[in-house]
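Participant: Contents of run11.txt (compact mmCIF, C-alpha atoms) are below:
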```
# COMPACT_ATOMS: atom_id res chain seq x y z
CA MET Y 812 -0.41 -21.82 24.50
CA THR Y 813 1.04 -22.53 21.04
CA THR Y 814 2.42 -19.57 19.10
CA SER Y 815 1.59 -19.65 15.40
CA PRO Y 816 4.56 -19.62 13.01
CA LEU Y 817 2.61 -17.04 10.96
CA VAL Y 818 2.81 -13.42 12.08
CA LEU Y 819 0.60 -12.07 9.26
CA GLY Y 820 -1.22 -13.62 6.36
CA PRO Y 821 -1.77 -15.53 4.32
CA MET Y 822 -2.77 -12.65 2.05
CA MET Y 823 -4.18 -13.35 -1.40
CA ARG Y 824 -2.56 -10.79 -3.67
CA TYR Y 825 -2.18 -10.92 -7.48
CA VAL Y 826 -4.59 -13.45 -9.01
CA ASP Y 827 -5.22 -14.01 -12.70
CA GLU Y 828 -6.91 -16.74 -14.72
CA GLY Y 829 -4.17 -19.14 -13.65
CA PRO Y 830 -1.38 -17.82 -11.37
CA ALA Y 831 -2.03 -16.62 -7.83
CA SER Y 832 0.39 -14.95 -5.39
CA ILE Y 833 0.08 -15.61 -1.65
CA TRP Y 834 2.09 -13.45 0.78
CA VAL Y 835 2.97 -14.26 4.40
CA GLU Y 836 5.09 -12.94 7.25
CA THR Y 837 6.54 -15.71 9.39
CA ARG Y 838 7.94 -15.70 12.89
CA ASN Y 839 11.26 -17.25 11.84
CA SER Y 840 13.27 -18.07 8.74
CA ALA Y 841 11.42 -20.95 7.10
CA ARG Y 842 10.18 -22.71 4.00
CA VAL Y 843 6.56 -21.84 3.26
CA ALA Y 844 4.30 -24.09 1.23
CA VAL Y 845 0.76 -23.74 -0.12
CA ARG Y 846 -1.35 -26.87 -0.63
CA ALA Y 847 -4.41 -26.73 -2.90
CA GLY Y 848 -6.23 -29.17 -5.17
CA GLY Y 849 -3.83 -32.01 -4.40
CA ARG Y 850 -0.77 -29.98 -5.38
CA ARG Y 851 1.94 -28.13 -3.45
CA TRP Y 852 3.99 -24.97 -4.14
CA GLU Y 853 6.87 -23.76 -2.00
CA ALA Y 854 9.06 -20.68 -1.39
CA ARG Y 855 11.94 -19.76 0.93
CA THR Y 856 11.52 -16.74 3.19
CA PHE Y 857 13.64 -13.64 2.75
CA GLY Y 858 14.56 -11.37 5.64
CA ALA Y 859 14.32 -7.62 6.23
CA HIS Y 860 15.34 -5.95 9.48
CA GLY Y 861 14.68 -9.03 11.59
CA HIS Y 862 11.37 -9.92 9.91
CA HIS Y 863 10.73 -12.85 7.59
CA TYR Y 864 8.52 -12.95 4.49
CA ALA Y 865 7.61 -15.25 1.64
CA LEU Y 866 5.58 -14.92 -1.52
CA VAL Y 867 4.39 -18.24 -2.91
CA GLU Y 868 3.34 -18.36 -6.55
CA VAL Y 869 0.58 -20.89 -7.22
CA THR Y 870 0.29 -22.01 -10.84
CA GLY Y 871 -1.70 -24.44 -12.92
CA LEU Y 872 -5.16 -23.93 -11.44
CA ALA Y 873 -8.05 -23.86 -13.88
CA PRO Y 874 -9.56 -20.47 -14.85
CA GLY Y 875 -12.75 -19.72 -12.93
CA SER Y 876 -11.98 -22.32 -10.25
CA VAL Y 877 -12.46 -21.90 -6.49
CA THR Y 878 -9.98 -24.05 -4.57
CA PRO Y 879 -9.58 -24.24 -0.76
CA TYR Y 880 -5.95 -24.04 0.34
CA ALA Y 881 -3.74 -24.52 3.38
CA VAL Y 882 -0.37 -23.01 4.33
CA GLU Y 883 2.52 -24.95 5.84
CA VAL Y 884 5.56 -23.47 7.55
CA ASP Y 885 8.50 -25.89 7.67
CA GLY Y 886 6.13 -28.77 6.95
CA VAL Y 887 3.64 -27.96 9.71
CA GLN Y 888 0.18 -26.62 8.82
CA ALA Y 889 -0.17 -23.04 10.05
CA TRP Y 890 -3.34 -22.03 8.19
CA PRO Y 891 -6.28 -22.45 8.55
CA GLU Y 892 -5.84 -22.14 12.29
CA ALA Y 893 -7.38 -24.85 14.44
CA GLY Y 894 -10.82 -23.94 15.72
CA SER Y 895 -11.33 -21.08 13.26
CA GLY Y 896 -14.96 -20.08 12.92
CA PHE Y 897 -14.43 -18.78 9.39
CA PRO Y 898 -14.94 -20.65 6.11
CA PRO Y 899 -11.91 -22.21 4.40
CA SER Y 900 -9.65 -19.73 2.61
CA VAL Y 901 -9.83 -20.19 -1.14
CA ILE Y 902 -7.96 -19.33 -4.33
CA ALA Y 903 -10.54 -18.00 -6.80
CA THR Y 904 -8.99 -17.64 -10.25
CA LEU Y 905 -10.56 -15.27 -12.75
CA LYS Y 906 -13.16 -16.64 -15.14
CA PRO Y 907 -12.83 -15.44 -18.75
CA GLY Y 908 -15.80 -13.34 -19.80
CA LYS Y 909 -17.15 -12.88 -16.28
CA PRO Y 910 -18.07 -9.24 -15.52
CA LEU Y 911 -15.62 -7.74 -13.03
CA ARG Y 912 -16.93 -7.16 -9.51
CA LEU Y 913 -14.60 -4.80 -7.62
CA ALA Y 914 -14.67 -3.63 -3.99
CA TYR Y 915 -12.59 -0.65 -2.90
CA GLY Y 916 -11.92 1.58 0.07
CA SER Y 917 -9.32 3.77 1.72
CA CYS Y 918 -8.22 5.55 4.89
CA ARG Y 919 -8.69 2.70 7.37
CA THR Y 920 -7.49 3.34 10.91
CA SER Y 921 -6.55 0.57 13.34
CA VAL Y 922 -8.63 0.94 16.50
CA PRO Y 923 -10.35 -1.62 18.75
CA HIS Y 924 -13.66 -2.96 17.42
CA ASP Y 925 -15.59 -2.05 20.54
CA GLY Y 926 -18.02 0.65 21.60
CA SER Y 927 -15.25 3.18 22.20
CA GLY Y 928 -13.57 2.55 18.84
CA ASN Y 929 -16.90 2.68 17.01
CA ARG Y 930 -17.80 5.99 18.66
CA THR Y 931 -14.54 7.68 17.65
CA HIS Y 932 -13.95 6.10 14.23
CA GLY Y 933 -17.20 4.43 13.21
CA VAL Y 934 -17.75 0.76 12.47
CA ASP Y 935 -14.88 -0.84 10.52
CA SER Y 936 -16.53 -1.33 7.12
CA MET Y 937 -13.83 -3.76 5.98
CA ARG Y 938 -14.47 -5.97 8.99
CA ALA Y 939 -18.24 -5.71 8.52
CA TYR Y 940 -17.80 -6.74 4.88
CA ALA Y 941 -15.63 -9.69 5.95
CA LEU Y 942 -18.27 -10.87 8.41
CA GLN Y 943 -20.95 -10.57 5.73
CA MET Y 944 -18.87 -12.61 3.28
CA ALA Y 945 -18.14 -15.24 5.94
CA SER Y 946 -21.81 -15.55 6.90
CA GLY Y 947 -22.61 -17.19 3.59
CA GLY Y 948 -25.25 -14.63 2.64
CA ARG Y 949 -26.45 -13.97 -0.89
CA THR Y 950 -23.99 -11.14 -1.61
CA ALA Y 951 -21.77 -12.14 -4.53
CA TRP Y 952 -18.10 -12.08 -3.60
CA PRO Y 953 -16.00 -9.55 -5.51
CA ASP Y 954 -13.10 -10.59 -7.71
CA MET Y 955 -10.73 -8.18 -6.00
CA VAL Y 956 -10.53 -5.38 -3.44
CA ALA Y 957 -8.50 -2.23 -4.14
CA PHE Y 958 -7.09 -0.38 -1.12
CA LEU Y 959 -6.64 3.21 -2.26
CA GLY Y 960 -4.31 4.76 0.28
CA ASP Y 961 -3.71 5.09 4.01
CA GLN Y 962 -3.60 1.38 4.75
CA VAL Y 963 -1.60 2.40 7.84
CA TYR Y 964 -1.29 5.71 9.66
CA ALA Y 965 2.42 6.34 10.19
CA ASP Y 966 1.59 9.66 11.88
CA SER Y 967 -0.78 7.92 14.29
CA THR Y 968 -1.14 9.54 17.70
CA SER Y 969 -3.10 6.63 19.17
CA ASP Y 970 -2.20 5.71 22.72
CA GLU Y 971 -1.25 2.18 21.66
CA MET Y 972 1.16 3.35 18.96
CA GLN Y 973 2.72 6.07 21.10
CA GLN Y 974 3.21 3.62 23.96
CA TYR Y 975 4.85 1.16 21.59
CA ILE Y 976 7.23 3.78 20.17
CA ARG Y 977 8.19 5.21 23.53
CA GLY Y 978 8.77 1.71 24.85
CA ARG Y 979 11.42 1.27 22.16
CA ARG Y 980 12.95 4.76 21.97
CA ASP Y 981 13.92 7.57 24.30
CA ILE Y 982 12.39 10.45 22.32
CA ASP Y 983 10.84 13.79 23.09
CA ALA Y 984 9.34 14.65 19.69
CA PRO Y 985 5.63 15.53 19.51
CA PRO Y 986 3.33 12.57 18.74
CA GLY Y 987 3.29 11.86 15.01
CA GLU Y 988 6.59 13.72 14.41
CA GLU Y 989 8.98 11.12 15.78
CA PRO Y 990 11.07 9.00 13.43
CA LYS Y 991 9.71 5.68 12.30
CA ASP Y 992 12.06 2.80 11.70
CA TYR Y 993 11.24 -0.42 9.89
CA GLU Y 994 10.22 -2.19 13.10
CA GLU Y 995 7.61 0.46 13.88
CA TYR Y 996 6.17 0.29 10.37
CA ALA Y 997 5.96 -3.50 10.75
CA HIS Y 998 4.03 -2.97 13.98
CA LEU Y 999 1.59 -0.67 12.16
CA TYR Y 1000 0.91 -3.33 9.52
CA ASN Y 1001 0.39 -5.89 12.26
CA LEU Y 1002 -2.20 -3.62 13.87
CA ALA Y 1003 -3.94 -3.12 10.52
CA TRP Y 1004 -4.11 -6.73 9.34
CA SER Y 1005 -4.23 -9.00 12.40
CA ASP Y 1006 -7.95 -8.78 13.30
CA GLU Y 1007 -9.30 -12.29 12.70
CA ALA Y 1008 -12.18 -11.25 10.42
CA ASN Y 1009 -10.03 -8.93 8.29
CA ARG Y 1010 -7.27 -11.52 8.21
CA TRP Y 1011 -9.68 -14.11 6.81
CA LEU Y 1012 -10.95 -11.65 4.18
CA LEU Y 1013 -7.39 -10.87 3.08
CA SER Y 1014 -6.62 -14.59 2.88
CA THR Y 1015 -9.45 -15.13 0.38
CA LEU Y 1016 -10.06 -11.90 -1.53
CA PRO Y 1017 -7.31 -10.84 -4.00
CA SER Y 1018 -6.08 -7.32 -3.25
CA ALA Y 1019 -4.27 -4.42 -4.91
CA MET Y 1020 -2.84 -1.49 -2.93
CA ILE Y 1021 -1.35 1.98 -3.37
CA PHE Y 1022 -0.04 4.41 -0.76
CA ASP Y 1023 -1.26 7.88 0.14
CA ASP Y 1024 0.23 10.42 2.51
CA HIS Y 1025 -0.54 8.79 5.87
CA ASP Y 1026 1.28 5.62 4.83
CA ILE Y 1027 4.35 7.86 5.23
CA ARG Y 1028 3.28 11.14 6.90
CA ASP Y 1029 0.38 13.61 6.62
CA ASP Y 1030 0.70 15.95 3.59
CA TRP Y 1031 3.56 13.89 2.13
CA ASN Y 1032 4.94 15.87 -0.83
CA ALA Y 1033 2.28 18.58 -0.56
CA SER Y 1034 4.74 21.11 -1.98
CA LEU Y 1035 8.42 21.87 -2.47
CA SER Y 1036 8.53 23.96 0.72
CA TRP Y 1037 6.97 21.08 2.66
CA LYS Y 1038 9.57 18.66 1.31
CA ARG Y 1039 12.46 20.99 2.15
CA LYS Y 1040 11.10 21.50 5.65
CA MET Y 1041 10.96 17.74 6.22
CA GLU Y 1042 14.42 17.15 4.79
CA ALA Y 1043 15.83 19.71 7.25
CA THR Y 1044 14.68 17.64 10.26
CA SER Y 1045 16.79 15.01 11.99
CA TRP Y 1046 14.16 12.29 11.61
CA TRP Y 1047 12.74 12.48 8.08
CA HIS Y 1048 15.41 10.45 6.29
CA GLU Y 1049 14.90 7.40 8.49
CA ARG Y 1050 11.15 7.75 8.21
CA ILE Y 1051 10.93 7.98 4.41
CA VAL Y 1052 13.45 5.17 3.85
CA SER Y 1053 11.74 2.85 6.33
CA GLY Y 1054 8.31 3.79 4.99
CA LEU Y 1055 9.11 3.06 1.35
CA ALA Y 1056 11.11 -0.09 2.21
CA SER Y 1057 8.27 -1.54 4.27
CA TYR Y 1058 5.73 -0.46 1.64
CA TRP Y 1059 7.56 -2.49 -1.02
CA VAL Y 1060 7.46 -5.58 1.20
CA TYR Y 1061 3.99 -5.32 2.71
CA GLN Y 1062 2.05 -3.74 -0.13
CA HIS Y 1063 3.75 -3.26 -3.48
CA LEU Y 1064 5.29 -6.71 -3.97
CA GLY Y 1065 1.84 -8.30 -4.06
CA ASN Y 1066 0.63 -5.87 -6.73
CA LEU Y 1067 3.02 -7.28 -9.30
CA SER Y 1068 2.20 -9.95 -11.83
CA PRO Y 1069 4.71 -12.83 -12.20
CA GLN Y 1070 6.13 -11.10 -15.29
CA GLU Y 1071 6.47 -7.75 -13.48
CA ARG Y 1072 8.08 -9.40 -10.46
CA ALA Y 1073 10.63 -11.05 -12.74
CA GLU Y 1074 11.69 -7.56 -13.91
CA ASP Y 1075 11.82 -6.03 -10.42
CA PRO Y 1076 15.45 -5.53 -9.25
CA LEU Y 1077 14.71 -6.44 -5.62
CA TRP Y 1078 12.74 -9.55 -6.53
CA GLN Y 1079 15.55 -10.63 -8.84
CA LEU Y 1080 17.85 -10.75 -5.80
CA ILE Y 1081 15.31 -12.95 -3.99
CA ALA Y 1082 14.71 -15.22 -6.98
CA ARG Y 1083 18.43 -15.70 -7.69
CA HIS Y 1084 19.33 -16.54 -4.09
CA ASP Y 1085 20.15 -20.22 -3.78
CA GLY Y 1086 22.22 -20.32 -0.60
CA GLY Y 1087 21.36 -22.43 2.41
CA GLU Y 1088 20.73 -19.41 4.61
CA GLU Y 1089 17.83 -16.99 4.27
CA LEU Y 1090 18.60 -13.94 2.13
CA ASP Y 1091 18.83 -10.77 4.24
CA LEU Y 1092 17.48 -8.02 1.97
CA SER Y 1093 17.80 -5.21 4.54
CA ALA Y 1094 20.71 -3.26 3.06
CA GLU Y 1095 19.53 -3.57 -0.54
CA LEU Y 1096 15.98 -2.66 0.46
CA ASP Y 1097 17.07 0.50 2.29
CA SER Y 1098 19.37 1.53 -0.56
CA PHE Y 1099 16.51 1.04 -3.03
CA ALA Y 1100 14.08 3.08 -0.88
CA GLU Y 1101 16.58 5.92 -0.47
CA ARG Y 1102 17.13 6.00 -4.24
CA ALA Y 1103 13.38 5.90 -4.97
CA ASP Y 1104 12.86 8.93 -2.72
CA ARG Y 1105 15.83 10.87 -4.04
CA ASN Y 1106 15.05 10.10 -7.68
CA PRO Y 1107 11.33 9.24 -8.07
CA GLY Y 1108 11.87 8.46 -11.75
CA SER Y 1109 14.07 5.49 -10.82
CA TYR Y 1110 11.07 3.33 -9.85
CA ARG Y 1111 7.39 3.21 -10.76
CA TRP Y 1112 4.82 2.53 -8.02
CA SER Y 1113 1.82 2.91 -10.36
CA PHE Y 1114 0.55 -0.30 -11.91
CA CYS Y 1115 -2.03 -1.59 -14.37
CA ARG Y 1116 -4.29 -4.67 -14.34
CA ASP Y 1117 -6.43 -6.15 -17.11
CA PHE Y 1118 -9.56 -8.20 -16.40
CA GLY Y 1119 -10.81 -9.29 -19.80
CA ASP Y 1120 -12.30 -6.17 -21.40
CA VAL Y 1121 -11.75 -4.06 -18.24
CA ARG Y 1122 -8.52 -2.21 -17.53
CA LEU Y 1123 -7.65 -0.86 -14.07
CA ILE Y 1124 -4.93 1.80 -13.82
CA VAL Y 1125 -3.74 2.53 -10.26
CA LEU Y 1126 -1.89 5.84 -10.03
CA ASP Y 1127 0.88 6.89 -7.66
CA SER Y 1128 -0.07 10.48 -6.95
CA ARG Y 1129 2.42 10.97 -4.07
CA ALA Y 1130 5.96 9.87 -4.92
CA ALA Y 1131 5.63 10.69 -8.63
CA ARG Y 1132 4.88 14.38 -8.11
CA GLU Y 1133 6.89 17.19 -9.69
CA LEU Y 1134 7.26 19.87 -7.01
CA LEU Y 1135 9.35 22.52 -8.78
CA PRO Y 1136 7.02 25.54 -9.13
CA GLU Y 1137 7.65 25.98 -12.86
CA LYS Y 1138 6.87 22.29 -13.52
CA ARG Y 1139 4.50 21.56 -10.64
CA ALA Y 1140 2.40 18.45 -11.39
CA LEU Y 1141 0.63 15.68 -9.53
CA LEU Y 1142 2.16 13.19 -11.99
CA ASP Y 1143 5.55 14.10 -13.42
CA GLN Y 1144 6.13 14.03 -17.16
CA ALA Y 1145 7.25 10.40 -17.31
CA GLU Y 1146 4.38 9.20 -15.12
CA MET Y 1147 1.81 11.13 -17.16
CA ALA Y 1148 3.20 9.62 -20.36
CA TRP Y 1149 2.97 6.13 -18.84
CA CYS Y 1150 -0.62 6.82 -17.74
CA ASP Y 1151 -1.53 8.09 -21.22
CA SER Y 1152 -0.07 5.00 -22.86
CA ARG Y 1153 -2.15 2.76 -20.58
CA MET Y 1154 -5.36 4.66 -21.31
CA GLN Y 1155 -5.34 3.43 -24.90
CA GLY Y 1156 -6.49 0.10 -26.28
CA GLY Y 1157 -9.56 -1.97 -27.02
CA PHE Y 1158 -11.15 -2.01 -23.57
CA ARG Y 1159 -14.85 -1.73 -22.89
CA HIS Y 1160 -14.34 -0.20 -19.44
CA LEU Y 1161 -11.43 1.89 -18.16
CA LEU Y 1162 -11.06 2.35 -14.40
CA VAL Y 1163 -8.57 4.90 -13.07
CA ALA Y 1164 -7.83 4.59 -9.34
CA THR Y 1165 -6.35 7.59 -7.57
CA THR Y 1166 -6.02 8.20 -3.84
CA LEU Y 1167 -7.03 11.86 -4.21
CA PRO Y 1168 -10.44 13.22 -5.25
CA PHE Y 1169 -10.44 14.11 -8.94
CA LEU Y 1170 -13.79 15.95 -9.15
CA LEU Y 1171 -14.78 18.31 -6.32
CA PRO Y 1172 -17.73 20.67 -5.81
CA MET Y 1173 -17.03 23.59 -8.12
CA GLY Y 1174 -16.49 26.15 -5.36
CA LEU Y 1175 -13.93 23.93 -3.60
CA HIS Y 1176 -12.26 23.15 -6.94
CA HIS Y 1177 -11.71 26.84 -7.65
CA ALA Y 1178 -10.58 27.49 -4.07
CA GLU Y 1179 -7.84 24.87 -4.43
CA SER Y 1180 -6.84 26.25 -7.82
CA TRP Y 1181 -6.68 29.77 -6.35
CA ASN Y 1182 -4.64 28.51 -3.41
CA GLU Y 1183 -2.15 26.84 -5.73
CA ALA Y 1184 -1.65 30.09 -7.61
CA ILE Y 1185 -1.00 32.26 -4.56
CA SER Y 1186 1.13 29.56 -2.88
CA GLU Y 1187 3.36 29.57 -5.92
CA GLY Y 1188 3.80 33.37 -5.82
CA ALA Y 1189 0.94 35.00 -7.74
CA TRP Y 1190 0.47 37.51 -4.91
CA GLY Y 1191 4.12 37.84 -3.89
CA LYS Y 1192 6.13 36.38 -1.02
CA PHE Y 1193 3.65 37.14 1.76
CA GLY Y 1194 0.81 35.70 -0.29
CA ALA Y 1195 2.89 32.61 -0.96
CA TRP Y 1196 3.58 32.20 2.77
CA ALA Y 1197 -0.10 32.58 3.64
CA GLY Y 1198 -1.16 30.29 0.80
CA GLU Y 1199 1.23 27.56 1.93
CA LYS Y 1200 -0.14 27.78 5.47
CA LEU Y 1201 -3.64 27.33 4.09
CA ARG Y 1202 -2.57 24.53 1.74
CA GLN Y 1203 -1.11 22.40 4.53
CA GLY Y 1204 -3.62 23.37 7.21
CA LEU Y 1205 -6.69 22.59 5.08
CA ASP Y 1206 -5.19 19.79 2.95
CA LEU Y 1207 -5.72 21.72 -0.29
CA GLU Y 1208 -3.76 19.28 -2.42
CA HIS Y 1209 -6.23 17.32 -4.52
CA TRP Y 1210 -6.23 17.21 -8.33
CA ALA Y 1211 -7.76 20.69 -8.37
CA ALA Y 1212 -4.64 22.01 -6.61
CA PHE Y 1213 -2.46 20.70 -9.45
CA GLN Y 1214 -4.14 22.46 -12.36
CA LYS Y 1215 -1.55 21.41 -14.95
CA SER Y 1216 -2.20 17.74 -14.20
CA PHE Y 1217 -5.95 18.22 -13.87
CA ARG Y 1218 -6.19 19.79 -17.33
CA GLU Y 1219 -3.96 17.13 -18.90
```
As structure tokens, please, write out the structure in this file.

Facilitator:
Amino acid sequence: MTTSPLVLGPMMRYVDEGPASIWVETRNSARVAVRAGGRRWEARTFGAHGHHYALVEVTGLAPGSVTPYAVEVDGVQAWPEAGSGFPPSVIATLKPGKPLRLAYGSCRTSVPHDGSGNRTHGVDSMRAYALQMASGGRTAWPDMVAFLGDQVYADSTSDEMQQYIRGRRDIDAPPGEEPKDYEEYAHLYNLAWSDEANRWLLSTLPSAMIFDDHDIRDDWNASLSWKRKMEATSWWHERIVSGLASYWVYQHLGNLSPQERAEDPLWQLIARHDGGEELDLSAELDSFAERADRNPGSYRWSFCRDFGDVRLIVLDSRAARELLPEKRALLDQAEMAWCDSRMQGGFRHLLVATTLPFLLPMGLHHAESWNEAISEGAWGKFGAWAGEKLRQGLDLEHWAAFQKSFRE
């Protein structure tokens, strides 16, 4: 049996009227090439904690074109795989003036696509959508899919994940509370994106992504007391550093336009590397992730995309929070100012993507607002203790629970 040189991907990420970014994870250090329309583009892999990645930028395709492509690893075709029952993967550049068609979803768990998995988690709607697209039906393909949080469940208690972790570590922490290193995050992404139907969809449909709490840990940054409790554990530091480092590689890098990548400090290291050996980004990646957690203002995870007369603003409502009670906000001052600046301009449609519900039934909205007030001391210390228990136990942390940000 031949082992593919591709571990994950190809994944179609940022696509505009001309440039397109294609991301892959390879089994070994390699040169990765994309062939399409009689042309060829190439990139060297970079390494992180024993894993190998490449992002190939395809340029020069005509706006509104649909071009089948293939991926080579060290000169050998690795995609499409031989015997695949799916249509050819394509690069579909944006067509000027075409109305935007956008698919979106969130909170996708990785379970087997069988009767047992369907009973406990329901049918995988992403996989069902992929099969519908591949069937050649009349449904028009979208221009992009936005994944709005919880692409992986780092606090997963599934038997498969727990068995994997315990096979690597001698730990006695409760399921979901153990540390996660980079290797275990990589395994989670492999579980999420390796199904053949979903893999084909991701190879064809451009995607944008943003994290929510489960990408790191349930209730991530719910409050200042929550954060202090986590920081007092022996395992949180490794978990948050590995989580943010792997998020940059697997999710955030593909969100960036060529111009934004050129300004990114980590990508600059990759782009400048011209040595014969693969660049090992591990130390720089971990240092960056530690800094981004310690000082959220040092890096922006939110991003903005324009599609003709449509603007899409994707908000980071987790890492960019202000948790000090006197300043408590879902988006800190700098992030709110950035958001406000992007909500201006001559656009016909403005789409704001947030991983947390903005409008709730009125009774629930006021309950979350009330809970925020007592959790922050409106009824004294005992009320604050009880309110915090309720906040974390019932996940009362949507926009309604950050009234300052909601009103702004």

Participant: Restricting the calculation to all atoms listed in the file, which member of Y:Ser1053, Y:Ser967, Y:Gln888, Y:Asn1009 is positioned closest to Ser936 of chain Y?

Facilitator: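 For Ser936 of chain Y, the nearest of the candidates is Y:Asn1009.
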
Participant: What is the distance, in Å and to one decimal place, between atom CA of Ala1131 of chain Y and atom CA of Met1041 of chain Y?

Facilitator: 17.3 Å

Participant: Determine the nearest neighbour of Leu911 of chain Y from the options Y:His860, Y:Arg1072, Y:His1209, Y:Arg1159, counting all atoms listed in the file.

Facilitator: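 So, comparing all the options, the nearest one is Y:Arg1159.
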
Participant: Let me make sure I understand: among Y:Asp961, Y:Asp1085, Y:Glu828, Y:Glu1208, which one has the smallest atom-to-atom distance to Ile1021 of chain Y if we use all atoms listed in the file?

Facilitator: Y:Asp961

Participant: Produce a table with one row for each residue of segment 1017-1082 of chain Y that has an atom at most 10 Å from any atom of segment 1106-1125 of chain Y, each row naming the nearest atom pair and its distance in Å at one decimal; use only C-alpha atoms; arrange rows by chain and rising residue number; format as a Markdown table.

Facilitator:
```
| residue | atom | partner | partner_atom | distance |
| --- | --- | --- | --- | --- |
| Y:Ala1019 | CA | Y:Val1125 | CA | 8.8 |
| Y:Met1020 | CA | Y:Val1125 | CA | 8.4 |
| Y:Ile1021 | CA | Y:Val1125 | CA | 7.3 |
| Y:Phe1022 | CA | Y:Trp1112 | CA | 8.9 |
| Y:Trp1059 | CA | Y:Trp1112 | CA | 9.0 |
| Y:His1063 | CA | Y:Trp1112 | CA | 7.4 |
| Y:Asn1066 | CA | Y:Phe1114 | CA | 7.6 |
| Y:Leu1067 | CA | Y:Phe1114 | CA | 7.9 |
| Y:Ser1068 | CA | Y:Arg1116 | CA | 8.7 |
| Y:Glu1071 | CA | Y:Phe1114 | CA | 9.6 |
| Y:Asp1075 | CA | Y:Tyr1110 | CA | 9.4 |
| Y:Pro1076 | CA | Y:Tyr1110 | CA | 9.9 |
```

Participant: Name the residues in contact with Gly829 of chain Y at a cut-off of 10 Å, using all atoms listed in the file, excluding same-chain residues fewer than 6 positions from it; report them as a list in words.

Facilitator: Val869, Thr870, Gly871, Leu872, Ala873, Pro874, Gly875, Ser876, Ala903, Thr904, Leu905 and Lys906 of chain Y

Participant: Rounded to one decimal place, report the atom CA of Ala997 of chain Y-atom CA of Ala914 of chain Y distance in Å.

Facilitator: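 Atom-to-atom, atom CA of Ala997 of chain Y and atom CA of Ala914 of chain Y are spaced 25.4 Å apart.
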
Participant: Find the residues around Asn839 of chain Y up to 12 Å (only C-alpha atoms counted), leave out those fewer than 3 positions away in its own chain, and share them as a ChimeraX atom specification.

Facilitator: /Y:814-818,835-836,842-843,855-859,861-865,884-885,1089

Participant: Restricting the calculation to all atoms listed in the file: of Y:Gly1191, Y:Ala941, Y:Tyr1061, Y:Asp1206, which residue gets closest to Asp1029 of chain Y?

Facilitator: Y:Asp1206

Participant: For atom CA of Ser895 of chain Y and atom CA of Ala1008 of chain Y, quote the distance in Å rounded to one decimal.

Facilitator: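 One can read the atom CA of Ser895 of chain Y to atom CA of Ala1008 of chain Y distance as 10.3 Å.
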
Participant: Looking at Y:Arg1039, Y:Arg938, Y:His998, Y:Arg1105, which one is nearest to Leu1055 of chain Y, with distances taken over all atoms listed in the file?

Facilitator: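 When distances to Leu1055 of chain Y are compared using all atoms listed in the file, the smallest one comes from Y:Arg1105.
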
Participant: Find, counting only C-alpha atoms, the residue in Y:Ala1043, Y:Ile902, Y:Leu1175, Y:Ala1189 that gets nearest to Ser1014 of chain Y.

Facilitator: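 Ranking Y:Ala1043, Y:Ile902, Y:Leu1175, Y:Ala1189 by distance to Ser1014 of chain Y, first place goes to Y:Ile902.
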
Participant: Any chance you could work out the axis-aligned box around segment 955-959 of chain Y, listed atoms only, 5 Å on each side, giving centre and edge lengths in Å to one decimal, as AutoDock Vina command-line options?

Facilitator:
```
--center_x -8.7 --center_y -2.5 --center_z -3.6 --size_x 14.1 --size_y 21.4 --size_z 14.9
```

Participant: Can you tell me, as a list of chain:residue names, which residues sit within 10 Å of (-10.6, -4.0, -5.8) in the file's frame, using only C-alpha atoms?

Facilitator: Y:Leu911, Y:Arg912, Y:Leu913, Y:Ala914, Y:Tyr915, Y:Gly916, Y:Pro953, Y:Asp954, Y:Met955, Y:Val956, Y:Ala957, Y:Phe958, Y:Leu959, Y:Leu1016, Y:Pro1017, Y:Ser1018, Y:Ala1019, Y:Met1020, Y:Leu1123, Y:Ala1164
